[in-house]
Every structure is written in structure tokens, then in C-alpha cells.
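> Encoded as C-alpha cells, here's the structure I'll be asking about.
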Amino acid sequence: MTYDLKSVTLPTLGPGGIRALNALAGMPIIGAALVNKLRRDAGFAALTAKPIDDAPTFMPMLPDVAPTLPALDARDDRGNADPALDTDARAGFHFPTIADYHAAYRAGTLTPVDVAERFLARWEESERTLRPLRGFISMRRDDIMAQAAASAARWKTGRPIGPFDGVPIAAKDEIDQAGYVTTIGTKLFDGVAPAARDSAAVARLRAAGAVMVGKANMHEIGIGVTGFNQHYGSARNPYNDAFHTGGSSAGPACVVAAGLVPMAIGADGGGSIRLPASYCGVVGLKPTFGRISEAGAAPLCWSVAFLGPLANCARDAALAYHVMAGADPQDPHSLGHPAPDIDDGAPHSLAGIRLGVYWPWFRDAQPSVVAACEALLHQMCARGATLVEVDLPELELARVAHLVSITAEMSAGMLPRIRSRFSDFGIETQLNLAIARASTAVEYVHAQRVRTRIIAHFERALGQCDAIITPAAGNTAPRIHAGGGAVSDLGRTMETMRFAFPSNFTGHPAISFPAGYDAAGLPVGLQAIGKGWSERLLLRLAAFADTIVERRRPQRYYAPIDG
């Protein structure tokens with residue numbers, strides 16, 4: 001075994017400490033020395049400490065071959081013509097699913113207009129409390145009601161247009177939605193014209209009938225893992241509103257876990273779908289690189305960026321993935337890949353599936369996280385899966401190379417506003433950008449050489465198994481600062497991201513799904529990383545977990561219909 005992933009020890013700073021550090025970082029000589037020290041403490045020096053001779057890989061490249069999956073148990077293939085009607089087999093508390101919405105519309109007990117009105121009322125209720133949920137940045141009532149009326153007319157004539165017809169769906173506010181300004185969670189886009197057209201992902205969901213209900217909150221410009229937002233207020237964890245949701249897709253995880261919507265679109269550059277999914281107890285899928293078009297998404301970190309669904313059950317995540325995935329001429333990275341596919345139902349057995357585990361990595365997390373994840377892994381093996389031990393070298397090198405890649409690309413993407421309006425960023429974002437701006441071109445190229453090596457390491461490990469299993473995050477949700485202010489805890493950030501970053505860097509698909517709860521009732525997620533184009537298998541694993549992991553009702557719950 002060659003486990004080398006390090007824990008980073010850095011000071012935890014509150015709002016006052018961050019402001020002081022930002023002031024020092026802005027000084028000509030002291031600032032450069034301070035930023036260089038922070039970079040050394042964060043492990044940046046590891047990137048150039050050893051020679052790397054591999055040619056650089058500037059975008060993830062995986063073989064365009066769909067992996068062969070073990071056949072489903074004969075009882076699992078229901079062959080249902082309408083996947084939205086699929087019978088669910090969830091354990092514990094039942095969140096409303098897409099099938100529940102459709103059942104209500106078919107029975108005539110509710111219409112999409114009724115649901116839209118209820119949604120708006122429940123959202124207002126979530127904002128009127130002492131601790132507002134802050135799931136959304138922006139919402140247009142007139143637009144929501146117009147979409148709902150159009151859907152109701154289709155249902156009245158018996159002609160719904162797709163699996164999402166009349167279902168309320170949210171999108172993270174770095175994804176274009178016609179009529180809304182894409183803020184990326186910052187105030188720097190005040191006065192910018194609303195998007196004239198939908199992003200490709202939103203357009204496909206809208207074409208399937210979705211009622212797009214607004215732009216969900218996020219960590220400012222996606223450069224953080226808690227979900228903190230100084231400008232719009234931080235989204236709160238529905239399981240305990242004194243805690244964060246995780247980020248940067250904070251709002252999508254929040255509004256899904258709170259039952260306001262059954263599914264939302266997130267974006268993931270370093271775990272930003274899977275981390276909030278883990279913290280909020282929902283399913284979050286980061287597909288293979290290029291599987292879902294990035295057209296119309298803010299170009300924050302182009303070589304590690306992915307769009308994907310967050311949903312309260314694997315079935316709804318699968319439906320959303322199937323609608324959004326596939327070739328799009330607007331995004332050349334989406335072209336020429338195997339066609340997306342999903343199962344018809346939840347599996348009764350995992351027979352024939354080989355699950356890879358790198359134990360030193362798997363167990364490098366909070367004890368409560370490890371315990372919940374190991375328990376679920378053992379249940380999966382008891383139902384037919386085979387456990388295979390694998391080795392994954394150079395994870396520390398991969399961590400630093402991913403960190404250089406994502407922060408350098410974010411810094412470059414925001415460069416005009418960094419130059420002209422740096423002080424308008426939140427104070428935590430200013431500190432993170434100060435560290436990011438210090439990366440050099442040599443470091444960036446060296447990081448892409450490392451990418452070549454890490455892809456090879458993961459391809460080698462995945463040659464021995466069908467999916468690599470880890471916790472989704474190294475910890476459970478952190479507590480929100482008592483005063484609601486910014487906190488810089490880079491050590492905890494690295495712990496949080498310990499299992500998330502590799503698949504962003506390599507392009508492999510990965511999914512987080514509920515594994516249980518810690519002693520305080522905070523959710524824990526299990527992660528599966530698959531071969532390229534193996535989303536069907538990852539969703540199968542999540543669907544199996546749905547049947548055995550007992551779900552709990554959140555503390556803050558606002559579903560517009562019953563589950």
C-alpha cells in the first residue's frame with residue numbers, strides 16, 4: 001500500500017481574522033511572503049518536488065467504451081413504458097418523488113398550478129423563520145405560474161410531454177436560465193442582463209415538462225465547500241439548521257433535502273455536487289466528463305467542471321440524468337460518446353458487481369463517517385457484491401494538482417472582475433483568490449502532467465473492479481458561525497474534499513448516496529467512483545442503498561405534496 005494523502009494543519013479564522021489576513025495579503029512585500037507561506041502549508045510545494053515526465057492532459061480523456069455491466073436480477077427489469085411511474089422501494093421516510101407528482105396529476109387530486117402555488121407558499125414559509133433557509137437566490141412568481149398553467153393544460157388534455165411535466169425543479173445559480181441573471185453566488189453581476197436562453201441542461205429538462213422554479217443558492221463563485229455566502233445568506237442544512245449544507249451546490253442540496261423540489265441541477269468542480277449531497281442526505285451524481293453539456297454554465301473551472309442532478313432518491317436522479325445527458329453540438333466535449341442508459345428499477349441483488357476498496361483511504365475520515373460507510377458496504381456485499389482491495393498511489397500529488405488546476409482556472413475565469421472589483425467579493429473568497437492568483441504557468445502545466453498519471457492509476461484500479469467505494473466526505477456538516485460570518489478553515493476543507501477531488505481531475509463518474517446518520521443526526525454519504533460512462537452502474541448502487549438505508553424526516557421540511 002502506498003497511501004500518502006496528508007492532513008493539512010492550518011489556523012481556523014473567523015471574520016476578524018480573515019479581514020486581517022486579507023489586509024496583510026494586500027501589502028506588496030509582506031503579502032507575497034504570507035501567501036507563499038499559506039501555499040506551502042497547504043502542500044503546493046509537493047507539485048514540483050519530484051520530476052514528472054508524462055505529457056500533460058489538459059482535459060480528462062477516458063476510453064469511449066461503455067463498460068459491460070452484470071445483468072440485473074430478472075425481478076428487477078419491470079420494462080415499464082413510463083419510467084416516471086416506476087414503483088419505488090425506499091426505506092424509511094418517503095420524500096415526494098417525480099412519480100408522486102405524476103400520480104397526483106393523473107388522479108386529478110392536484111394540478112401543476114396547485115403545486116406551484118403550494119411551492120411558493122412553502123418557500124415563503126421557509127424564509128419567514130428565525131433562521132431563513134435561504135435555498136434560493138432568485139425566483140420569479142409570474143414565470144413559475146405561467147409554466148405551471150401550460151403544464152396543467154397539457155395534463156388536462158391527457159398529453160404530458162415528458163417525465164418531468166409539471167414537476168418543480170431548481171437550478172444552481174451558475175447555470176443559465178432564461179429570464180434570470182446568473183450571479184454565480186456573487187454581487188459582481190448586479191446590473192447584468194438576464195440570460196436570453198436556457199443552458200443546455202435546463203433546456204432539456206424544460207422540454208421534458210419541468211417547471212423551473214428559480215436559481216438556487218451557492219458558495220460564492222464555487223470556491224468553497226461549506227455553502228457560505230456573504231451576499232445572499234448561507235443556505236441552511238434541513239437536518240439541523242445550525243449547520244451548513246456543504247458546497248458549492250448548497251442551494252440545490254438544501255431545497256431537495258427540504259422537500260421543496262424532488263430534484264435540482266448542481267455543478268461539481270471539486271465535489272460540489274457530492275459533498276452537499278452527503279451533508280444533506282440526498283443523492284448527487286457527477287457524471288463522466290462530457291456526459292452532460294456544459295453549454296450555458298459559467299466557465300469557472302473548465303477542465304474539472306461537471307453538471308449533474310441532486311435528488312431525494314436514486315430513481316429521480318437517474319431520470320434527470322437520462323434527460324440531461326447526451327451529445328450537444330454546443331459542447332464539443334459531449335460528442336462521440338456511448339449513449340446514456342439507466343435501469344428500469346431498483347436491484348434486488350448486487351451479484352456480479354466488484355466493489356474496489358483502498359482501505360487506508362477509505363478509513364481516513366471521522367470515525368462516525370467510517371462506521372456508517374463500512375456498515376453499508378458490508379450490506380452491499382451481503383447482497384451479492386464482491387469486495388476487491390485496490391491500491392491508488394500518489395493521491396497527495398493528485399490533491400495538489402487538482403487544487404492548482406481548479407483555483408488557477410477560477411482565478412483566470414474571474415480575472416476581469418478580480419482586477420476591477422476585488423473588494424466586492426466576500427472576504428473568504430478574497431482570501432481564497434489571493435492564494436489562487438499566486439499559481440504559476442509552470443505549476444499549472446505540471447499539474448496537467450500529474451493528471452495523466454492519476455488517470456492511469458485510476459484506470460488500473462478500475463480494471464480490477466466495477467466501482468471504487470469511499471465515504472463521500474471526510475466529515476459531516478460543519479456548524480455555521482454563531483454570527484453567520486465567514487470562517488476560513490483550510491484544514492477542514494481538505495478533510496472534507498479528501499474523497500471528492502480525484503474524479504473531477506480524472507473525469508470518472510462518481511455518485512454520493514445516503515449511508516446513514518451520525519450520533520447528532522447529521523447525514524453521512526457513501527461514494528462510488530466508476531469507469532467512464534458507467535453512470536448506470538453507479539445509479540444502480542444508489543438505488544440499492546435506497547431500499548436498505550432508512551431515511552429520516554428533516555428538521556426543516558416544506559414539500560408541496562405528500563411522499
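Ligands are numbered from 1 in the order shown, residues from 1 within each chain, and chains are lettered A, B, ... in the order they appear in the C-alpha cells.
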Within 12 Å of A:His446, counting only C-alpha atoms, which residues qualify if same-chain residues fewer than 6 places away don't, as a PyMOL selection string?
chain A and resi 44-58+397-398+400-402+404-405+439-440+452-453
> For A:Gly227, which residue among A:Leu21, A:Val202, A:Ile529, A:Ala277 is the nearest when counting only C-alpha atoms?
A:Ala277
> Run DSSP on the backbone and give me the residues of stretch 353-395 of chain A it puts in strand (DSSP E), as a PyMOL selection string.
chain A and resi 354-357+386-389
> Keeping only N, CA and C atoms, write those residues as an mmCIF file, in the first residue's frame.

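Ended up saving to result-v5.cif:
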```cif
data_model
loop_
_atom_site.group_PDB
_atom_site.id
_atom_site.type_symbol
_atom_site.label_atom_id
_atom_site.label_comp_id
_atom_site.auth_asym_id
_atom_site.auth_seq_id
_atom_site.Cartn_x
_atom_site.Cartn_y
_atom_site.Cartn_z
ATOM 1 N N ARG A 354 -18.221 -6.022 -8.635
ATOM 2 C CA ARG A 354 -16.986 -5.989 -7.842
ATOM 3 C C ARG A 354 -16.761 -4.565 -7.325
ATOM 4 N N LEU A 355 -16.704 -4.444 -6.011
ATOM 5 C CA LEU A 355 -16.506 -3.138 -5.390
ATOM 6 C C LEU A 355 -15.073 -3.033 -4.886
ATOM 7 N N GLY A 356 -14.345 -2.037 -5.389
ATOM 8 C CA GLY A 356 -12.955 -1.845 -5.002
ATOM 9 C C GLY A 356 -12.835 -0.941 -3.791
ATOM 10 N N VAL A 357 -11.956 -1.311 -2.869
ATOM 11 C CA VAL A 357 -11.727 -0.507 -1.673
ATOM 12 C C VAL A 357 -10.233 -0.360 -1.445
ATOM 13 N N THR A 386 -18.954 -8.309 -4.546
ATOM 14 C CA THR A 386 -17.657 -8.864 -4.166
ATOM 15 C C THR A 386 -16.719 -7.717 -3.838
ATOM 16 N N LEU A 387 -15.994 -7.831 -2.721
ATOM 17 C CA LEU A 387 -15.058 -6.798 -2.301
ATOM 18 C C LEU A 387 -13.677 -7.102 -2.861
ATOM 19 N N VAL A 388 -13.054 -6.100 -3.476
ATOM 20 C CA VAL A 388 -11.722 -6.238 -4.053
ATOM 21 C C VAL A 388 -10.845 -5.133 -3.493
ATOM 22 N N GLU A 389 -9.700 -5.480 -2.935
ATOM 23 C CA GLU A 389 -8.779 -4.465 -2.429
ATOM 24 C C GLU A 389 -7.936 -3.930 -3.582
#
```
> Choose the residue, out of A:Trp155, A:Gly222, A:Leu188, A:Glu124, that has the smallest atom-to-atom separation from A:Leu110; count only C-alpha atoms.
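Nearest to A:Leu110: A:Trp155.
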> Neighbours of A:Asp100 within 9 Å (only C-alpha atoms; same-chain residues fewer than 2 positions away dropped), as an MDAnalysis selection string?
chainID A and resid 84:85 96:98 102:105 561:563
> Could you dump the residues just selected with C-alpha atoms as an mmCIF file, in the first residue's frame?

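What follows is the written file out29.cif:
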```cif
data_model
loop_
_atom_site.group_PDB
_atom_site.id
_atom_site.type_symbol
_atom_site.label_atom_id
_atom_site.label_comp_id
_atom_site.auth_asym_id
_atom_site.auth_seq_id
_atom_site.Cartn_x
_atom_site.Cartn_y
_atom_site.Cartn_z
ATOM 1 C CA ALA A 84 -41.851 8.097 -14.020
ATOM 2 C CA LEU A 85 -44.434 5.516 -12.893
ATOM 3 C CA PRO A 96 -42.150 13.013 -2.674
ATOM 4 C CA THR A 97 -40.786 11.716 -5.962
ATOM 5 C CA ILE A 98 -41.446 12.546 -9.581
ATOM 6 C CA HIS A 102 -47.390 12.367 -11.735
ATOM 7 C CA ALA A 103 -49.726 10.159 -9.726
ATOM 8 C CA ALA A 104 -51.421 13.245 -8.268
ATOM 9 C CA TYR A 105 -51.792 14.840 -11.707
ATOM 10 C CA ILE A 561 -47.151 17.337 -1.816
ATOM 11 C CA ASP A 562 -47.051 14.168 0.284
ATOM 12 C CA GLY A 563 -44.478 11.468 -0.399
#
```
> Check the DSSP output for the backbone and give back, as a PyMOL selection string, the residues of stretch 263-410 of chain A in alpha helix (DSSP H).
chain A and resi 274-280+314-324+359-362+367-382+395-410
> Convert the current residue selection to file output with C-alpha atoms, as a compact mmCIF listing (two decimals), in the first residue's frame.

```txt
# COMPACT_ATOMS: atom_id res chain seq x y z
CA ARG A 274 -21.40 15.12 -3.92
CA LEU A 275 -20.33 17.00 -0.77
CA PRO A 276 -23.67 18.82 -0.24
CA ALA A 277 -25.47 15.61 -1.22
CA SER A 278 -23.59 13.83 1.58
CA TYR A 279 -24.15 16.60 4.14
CA CYS A 280 -27.87 16.89 3.33
CA ALA A 314 -31.72 7.34 -6.99
CA ARG A 315 -34.66 6.85 -9.34
CA ASP A 316 -35.25 10.58 -9.72
CA ALA A 317 -31.52 11.21 -10.13
CA ALA A 318 -31.49 8.60 -12.89
CA LEU A 319 -34.47 10.17 -14.69
CA ALA A 320 -32.86 13.62 -14.54
CA TYR A 321 -29.51 12.26 -15.71
CA HIS A 322 -31.16 10.47 -18.64
CA VAL A 323 -32.96 13.63 -19.75
CA MET A 324 -29.92 15.92 -19.44
CA TRP A 359 -8.70 0.74 2.95
CA PRO A 360 -6.12 3.33 4.08
CA TRP A 361 -8.01 5.96 2.08
CA PHE A 362 -11.49 4.70 2.98
CA PRO A 367 -14.98 7.64 12.92
CA SER A 368 -18.74 8.17 12.63
CA VAL A 369 -18.41 8.55 8.86
CA VAL A 370 -16.26 5.43 8.52
CA ALA A 371 -18.65 3.40 10.69
CA ALA A 372 -21.75 4.30 8.65
CA CYS A 373 -19.98 3.74 5.33
CA GLU A 374 -18.48 0.40 6.35
CA ALA A 375 -21.86 -0.79 7.58
CA LEU A 376 -23.49 -0.04 4.23
CA LEU A 377 -20.57 -1.58 2.33
CA HIS A 378 -20.98 -4.81 4.31
CA GLN A 379 -24.70 -4.83 3.49
CA MET A 380 -23.90 -4.45 -0.19
CA CYS A 381 -21.53 -7.41 0.00
CA ALA A 382 -24.15 -9.43 1.88
CA LEU A 395 -3.16 10.76 -4.03
CA GLU A 396 -1.32 13.64 -2.34
CA LEU A 397 0.16 14.66 -5.67
CA ALA A 398 -3.29 14.40 -7.22
CA ARG A 399 -4.78 16.58 -4.46
CA VAL A 400 -2.31 19.39 -5.06
CA ALA A 401 -2.53 19.12 -8.85
CA HIS A 402 -6.33 19.34 -8.70
CA LEU A 403 -6.09 22.28 -6.29
CA VAL A 404 -3.76 24.15 -8.65
CA SER A 405 -5.97 23.35 -11.64
CA ILE A 406 -9.30 24.41 -10.17
CA THR A 407 -8.05 27.54 -8.40
CA ALA A 408 -5.96 28.70 -11.37
CA GLU A 409 -8.90 28.23 -13.74
CA MET A 410 -11.29 30.02 -11.37
```
> Quick one: residues within 10 Å of A:Asp328, only C-alpha atoms, excluding same-chain residues fewer than 5 positions away - as a PyMOL selection string?
chain A and resi 200-201+290-295+333-336
> Quick one: residues within 12 Å of A:Lys286, only C-alpha atoms counted, chain neighbours fewer than 3 positions away excluded, as number ranges by chain?
A: 249, 265-275, 277, 283, 289-292, 304-310, 317-318, 321, 325, 472, 500-504, 507-513, 527-530, 532-535, 538-539
> Atom CA of A:Ala193 and atom CA of A:Phe164, how far apart in Å?
28.3 Å
> If you count only C-alpha atoms, which residues fall within 10 Å of A:His231, apart from same-chain ones fewer than 4 positions away, as a list in words?
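The neighbour list is Ile137, Gly185, Thr186, Lys187, His219, Glu220, Asp424, Phe425 and Gly426 of chain A.
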> Write to file, as a compact mmCIF listing (two decimals), in the first residue's frame, the residues of the selection just made, with C-alpha atoms.

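Contents of again27.txt, freshly written:
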```txt
# COMPACT_ATOMS: atom_id res chain seq x y z
CA ILE A 137 -31.06 33.44 -4.72
CA GLY A 185 -23.41 33.49 -5.95
CA THR A 186 -21.75 36.92 -6.05
CA LYS A 187 -22.84 40.55 -6.25
CA HIS A 219 -20.98 29.22 -2.26
CA GLU A 220 -19.67 32.41 -3.88
CA ASP A 424 -16.68 43.41 -3.82
CA PHE A 425 -16.06 39.70 -3.33
CA GLY A 426 -16.86 38.25 0.09
```
> Using only C-alpha atoms for the distances, tell me which of A:Lys156, A:Arg540, A:Lys215, A:Arg556 is nearest to A:Ile184.
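Of A:Lys156, A:Arg540, A:Lys215, A:Arg556, the one nearest A:Ile184 is A:Lys215, counting only C-alpha atoms.
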> Leaving out A:Ala250 and any residue of its chain fewer than 2 positions from it, which residues lie within 7 Å of it when counting only C-alpha atoms, given as JSON, numbers by chain?
{"A": [217, 218, 219, 227, 235, 245, 246, 247, 248, 252, 253, 254, 276]}
> In Å, with one decimal, what is the gap from atom CA of A:Asn432 to atom CA of A:Val35?
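Spanning atom CA of A:Asn432 to atom CA of A:Val35 is a straight-line distance of 10.0 Å.
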> Atom CA of A:Val115 and atom CA of A:Arg552 are how many Å apart?
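Taking atom CA of A:Val115 and atom CA of A:Arg552, their separation equals 23.4 Å.
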> Pick out the closest residue to A:Ser126 from this set: A:Pro238, A:Gly491, A:Pro11, A:Gly521. Count only C-alpha atoms.
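Nearest candidate to A:Ser126 out of A:Pro238, A:Gly491, A:Pro11, A:Gly521: A:Pro238.
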> Of the candidates A:Leu431, A:Ala385, A:Ile455, A:Cys465, which shows the shortest atom-to-atom distance to A:Ala20, using only C-alpha atoms?
A:Leu431
> From the list A:Asp41, A:Asp142, A:Glu127, A:Asp114, which residue is nearest A:Tyr558 when using only C-alpha atoms?
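Going through A:Asp41, A:Asp142, A:Glu127, A:Asp114 one by one, the smallest distance to A:Tyr558 is for A:Glu127.
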